[in-house]
Each structure stands twice: as structure tokens, then as C-alpha cells.
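Step one of this worksheet: look at the structure below.
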Amino acid sequence: MSLTKYKQKRNFDETTEPTAGKPQKGEHIFVIQRHHATRLHYDFRLEVDGVLKSWAVPKGPSLDPADKRLAMQVEDHPYDYKDFEGTIPKGNYGAGTVYIWDKGTFELLRDDGKNFDKEALKEINAGDLKIVLKGKKLKGEFALVKMKNSDDNAWLLIKHRDKYVKEKYDSEDYTPERIKAQGIREKENARKKKAPSAYPHR
């Protein structure tokens with residue numbers, strides 16, 4: 001899969017974001033990254049066909065089936081992005097704080113045991129991907145469903161009813177306070193730098 005769009009958006013002389021990476025055979029990883037950029041959101045990434053298929057989830061993932069979370073599909077990311085944490089510098093695309101909120105492996109709910117990547121891409125192209133997550137925070141069955149009569153990249157992330165359901169789930173409740181404080185602090189510092197001088201030159 002092409003990473004052209006990903007690379008075009010970034011200046012790798014300034015950001016430490018990875019450019020490549022080769023997946024391990026025999027397993028497929030997922031990662032959820034809490035991204036405190038201009039707007040706080042969670043990046044949901046699934047390794048398919050050697051890259052991380054990615055969706056931005058504004059309200060974060062949920063273990064409550066009643067929550068149908070909007071998930072905006074974004075450009076593919078390189079495999080090594082699964083380990084990326086830190087601060088994307090001001091002035092760069094996605095500037096802000098990135099924290100690995102959860103990580104694990106995943107399976108296809110409708111796995112035919114033949115070609116994982118081919119089946120996953122088929123489901124993504126059809127706008128109906130059903131998976132089983134095996135993370136520390138997110139577990140069990142989920143569906144990613146493309147919204148009809150909407151933007152091409154608008155999906156819904158929905159938890160299936162299983163033994164891992166938790167009602168009234170808020171992903172922020174499972175984020176360390178130090179991470180929340182860091183993101184707020186960095187955004188405040190950026191805001192102050194943008195503020196005009198109290199005594200502008202005339």
C-alpha cells in the first residue's frame with residue numbers, strides 16, 4: 001500500500017514520526033493513540049497489508065454498544081507508527097501530544113483462514129469490517145461500518161455485545177492524569193505563543 005500521502009504531509013527533518021516498518025508474520029497488530037492536537041481525538045489503527053489502516057475517532061473508542069463513534073478514515077500510516085509516542089512539533093501536520101492508549105493484536109470475525117490481508121481489504125472496501133480486538137483496554141468484537149450518504153471517509157466504530165461490554169464508557173477515564181495534563185499544558189503554551197503582543201508596533 002502507498003504511503004505517499006502520509007509522507008507528503010510531514011517534514012521528517014522536524015518530526016520524529018517514522019517513515020517505514022515491516023510487520024511480523026503470523027500476527028496483525030492494532031494500536032490506539034490518544035492525539036491531543038488542535039482537537040483531542042483518538043487514532044485507531046489496524047495493520048493490514050503491511051501498513052496501518054487509520055481512522056480518527058473524536059470521542060475515543062467505547063466498550064458500550066450504545067455508542068456509535070464517528071471514525072474518520074485518514075491516510076495509511078507506516079507499520080512502525082505503532083510505537084510512536086511523543087510531541088509532534090508546532091507548525092507540523094498533527095502538531096500535539098501522542099500517547100499509546102492501547103495496543104494488541106486483532107483477528108477478523110469472519111476469517112476464512114486463507115488470506116488475512118485480502119479478506120480485510122475486501123471488508124474495508126465494502127465498508128463493513130468486523131474484527132476481534134485483543135488489547136489491554138479494548139477487547140472483544142467490534143465493527144467498523146462506512147456511513148452511507150455521507151463523506152467518503154466517514155465511518156462508525158461500534159462495539160458488539162459480548163462479555164467485554166461496559167456501559168457508559170469514556171476512554172478519557174482510562175487515560176493517565178499526567179498525559180491529560182501534558183496535553184493541556186502544551187496546547188496552552190502554543191496558544192500563548194500565538195497571542196499578539198499587548199503593545200503592538202504601530
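Chain lettering (A, B, ...) mirrors the order of the C-alpha cells, residue numbering begins at 1 for each chain separately, and ligand numbering begins at 1 in order of display.
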Within 9 Å of segment 157-181 of chain A: each segment 82-101 of chain A residue with its shortest pair, only C-alpha atoms, as a tab-separated table:
residue	atom	partner	partner_atom	distance
A:Thr97	CA	A:Ile179	CA	8.6
A:Tyr99	CA	A:Ile179	CA	7.5
A:Trp101	CA	A:Thr175	CA	7.1
So that I have them on file, write out the residues from the current selection with N, CA, C and O atoms, as a PDB file, in the first residue's frame.
ATOM      1  N   THR A  97       0.471  16.228  21.228  1.00  0.00           N
ATOM      2  CA  THR A  97       0.995  15.122  22.019  1.00  0.00           C
ATOM      3  C   THR A  97       0.344  13.796  21.624  1.00  0.00           C
ATOM      4  O   THR A  97      -0.875  13.701  21.545  1.00  0.00           O
ATOM      5  N   TYR A  99       0.041   9.708  22.581  1.00  0.00           N
ATOM      6  CA  TYR A  99       0.225   8.733  23.658  1.00  0.00           C
ATOM      7  C   TYR A  99      -0.389   7.404  23.242  1.00  0.00           C
ATOM      8  O   TYR A  99      -1.520   7.367  22.750  1.00  0.00           O
ATOM      9  N   TRP A 101      -2.428   4.656  23.849  1.00  0.00           N
ATOM     10  CA  TRP A 101      -3.502   4.406  24.808  1.00  0.00           C
ATOM     11  C   TRP A 101      -3.794   2.921  24.948  1.00  0.00           C
ATOM     12  O   TRP A 101      -4.128   2.446  26.036  1.00  0.00           O
TER      13      TRP A 101
END
Quick one: everything within 12 Å of Asp152 of chain A, counting only C-alpha atoms, minus sequence neighbours fewer than 5 positions away in the same chain. Send it as a ChimeraX atom specification.
/A:71-74,125,127,145-147
Mind writing the picked residues with C-alpha atoms as a PDB file, in the first residue's frame?
ATOM      1  CA  ALA A  71     -14.479   7.422  12.856  1.00  0.00           C
ATOM      2  CA  MET A  72     -12.976   9.451  10.016  1.00  0.00           C
ATOM      3  CA  GLN A  73     -10.697   7.394   7.778  1.00  0.00           C
ATOM      4  CA  VAL A  74      -7.338   9.076   7.172  1.00  0.00           C
ATOM      5  CA  ASN A 125     -13.536  -1.710   0.527  1.00  0.00           C
ATOM      6  CA  GLY A 127     -17.365  -0.566   4.151  1.00  0.00           C
ATOM      7  CA  VAL A 145     -19.096   0.481   9.203  1.00  0.00           C
ATOM      8  CA  LYS A 146     -18.896   3.081   6.475  1.00  0.00           C
ATOM      9  CA  MET A 147     -21.710   5.626   6.652  1.00  0.00           C
TER      10      MET A 147
END
Compare A:Asn92, A:Tyr42, A:His36, A:Gly104 by their minimum atom-to-atom distance to Asn11 of chain A, counting only C-alpha atoms, and give me the closest one.
A:Asn92
Who sits within 12 Å of Thr4 of chain A, only C-alpha atoms, same chain under 3 positions skipped, as a PDB file with C-alpha atoms, in the first residue's frame:
ATOM      1  CA  MET A   1       0.000   0.000   0.000  1.00  0.00           C
ATOM      2  CA  LYS A   7       4.908  11.366   3.604  1.00  0.00           C
ATOM      3  CA  GLN A   8       3.677  14.410   1.674  1.00  0.00           C
ATOM      4  CA  LYS A   9       2.051  15.803   4.816  1.00  0.00           C
ATOM      5  CA  ARG A  10       5.166  15.585   7.001  1.00  0.00           C
ATOM      6  CA  THR A  19       8.683   6.587   7.714  1.00  0.00           C
ATOM      7  CA  ALA A  20       8.511   2.809   7.251  1.00  0.00           C
ATOM      8  CA  GLU A  75      -4.223   8.197   5.206  1.00  0.00           C
ATOM      9  CA  ASP A  76      -2.383   4.912   5.771  1.00  0.00           C
ATOM     10  CA  HIS A  77       0.466   5.092   8.287  1.00  0.00           C
ATOM     11  CA  PRO A  78       3.724   3.073   8.273  1.00  0.00           C
TER      12      PRO A  78
END
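Those residues of segment 47-137 of chain A that DSSP, working from the backbone, places in helix (DSSP H, G or I) are Tyr79, Asp80, Tyr81, Lys82, Asp83, Phe116, Asp117, Lys118, Glu119, Ala120, Leu121, Lys122, Glu123, Ile124, Asn125 and Ala126 of chain A.
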Could the residues in this selection be saved with N, CA and C atoms as a CSV table (one decimal), in the first residue's frame?
chain,number,residue,atom,x,y,z
A,79,TYR,N,4.0,1.0,9.4
A,79,TYR,CA,3.9,0.0,10.4
A,79,TYR,C,4.6,0.4,11.7
A,80,ASP,N,5.8,1.1,11.6
A,80,ASP,CA,6.5,1.5,12.8
A,80,ASP,C,5.8,2.6,13.6
A,81,TYR,N,4.7,3.1,13.1
A,81,TYR,CA,3.9,4.1,13.8
A,81,TYR,C,3.3,3.5,15.0
A,82,LYS,N,3.2,2.2,15.1
A,82,LYS,CA,2.6,1.5,16.2
A,82,LYS,C,3.3,1.8,17.5
A,83,ASP,N,4.6,2.2,17.4
A,83,ASP,CA,5.4,2.5,18.6
A,83,ASP,C,5.6,4.0,18.9
A,116,PHE,N,-5.5,-13.4,5.1
A,116,PHE,CA,-6.0,-12.4,6.1
A,116,PHE,C,-6.1,-11.0,5.4
A,117,ASP,N,-5.0,-10.6,4.8
A,117,ASP,CA,-4.9,-9.2,4.2
A,117,ASP,C,-6.0,-9.0,3.1
A,118,LYS,N,-6.1,-10.0,2.3
A,118,LYS,CA,-7.1,-10.0,1.2
A,118,LYS,C,-8.5,-9.8,1.7
A,119,GLU,N,-8.8,-10.6,2.7
A,119,GLU,CA,-10.2,-10.6,3.3
A,119,GLU,C,-10.4,-9.2,4.0
A,120,ALA,N,-9.4,-8.8,4.7
A,120,ALA,CA,-9.5,-7.5,5.5
A,120,ALA,C,-9.7,-6.3,4.5
A,121,LEU,N,-9.0,-6.3,3.4
A,121,LEU,CA,-9.1,-5.3,2.4
A,121,LEU,C,-10.5,-5.3,1.7
A,122,LYS,N,-10.9,-6.5,1.5
A,122,LYS,CA,-12.3,-6.7,0.9
A,122,LYS,C,-13.3,-6.1,1.8
A,123,GLU,N,-13.2,-6.4,3.1
A,123,GLU,CA,-14.2,-5.8,4.0
A,123,GLU,C,-14.2,-4.3,4.1
A,124,ILE,N,-12.9,-3.8,4.1
A,124,ILE,CA,-12.7,-2.3,4.2
A,124,ILE,C,-13.3,-1.7,2.9
A,125,ASN,N,-13.0,-2.3,1.8
A,125,ASN,CA,-13.5,-1.7,0.5
A,125,ASN,C,-15.1,-1.8,0.5
A,126,ALA,N,-15.6,-2.8,1.1
A,126,ALA,CA,-17.1,-2.9,1.2
A,126,ALA,C,-17.7,-2.1,2.3
Quick one: DSSP strand (DSSP E or B) residues in segment 9-189 of chain A, as a count of residues only?
73
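The gap separating atom CA of Glu186 of chain A from atom CA of Gly96 of chain A is 7.4 Å, in Å to one decimal.
Each of A:Gly113, A:Pro65, A:Gly21, A:Pro58 was checked against Trp155 of chain A using only C-alpha atoms; the smallest atom-to-atom distance is that of A:Pro58.
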In Å to one decimal, how far is atom CA of Glu14 of chain A from atom CA of Ile100 of chain A?
20.8 Å
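Counting only C-alpha atoms, the residue from A:Asp102, A:Glu17, A:Asp111, A:Asp64 that sits nearest to Gly86 of chain A is A:Glu17.
Note that the spacing between atom CA of Asp43 of chain A and atom CA of Gln24 of chain A amounts to 21.4 Å.
Look at Thr105 of chain A: the protein and nucleic acid residues within 6 Å of it, using only C-alpha atoms and passing over chain neighbours fewer than 3 places away, are His28, Ile29, Phe30 and Lys134 of chain A.
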Excluding Lys103 of chain A and any residue of its chain fewer than 6 positions from it, enumerate the residues within 7 Å of it, using only C-alpha atoms, and give them as a ChimeraX atom specification.
/A:30-32,135-136
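Nearest to Val132 of chain A of all the residues A:Leu108, A:Leu3, A:Val98, A:Leu40 is A:Leu108, based on only C-alpha atoms.
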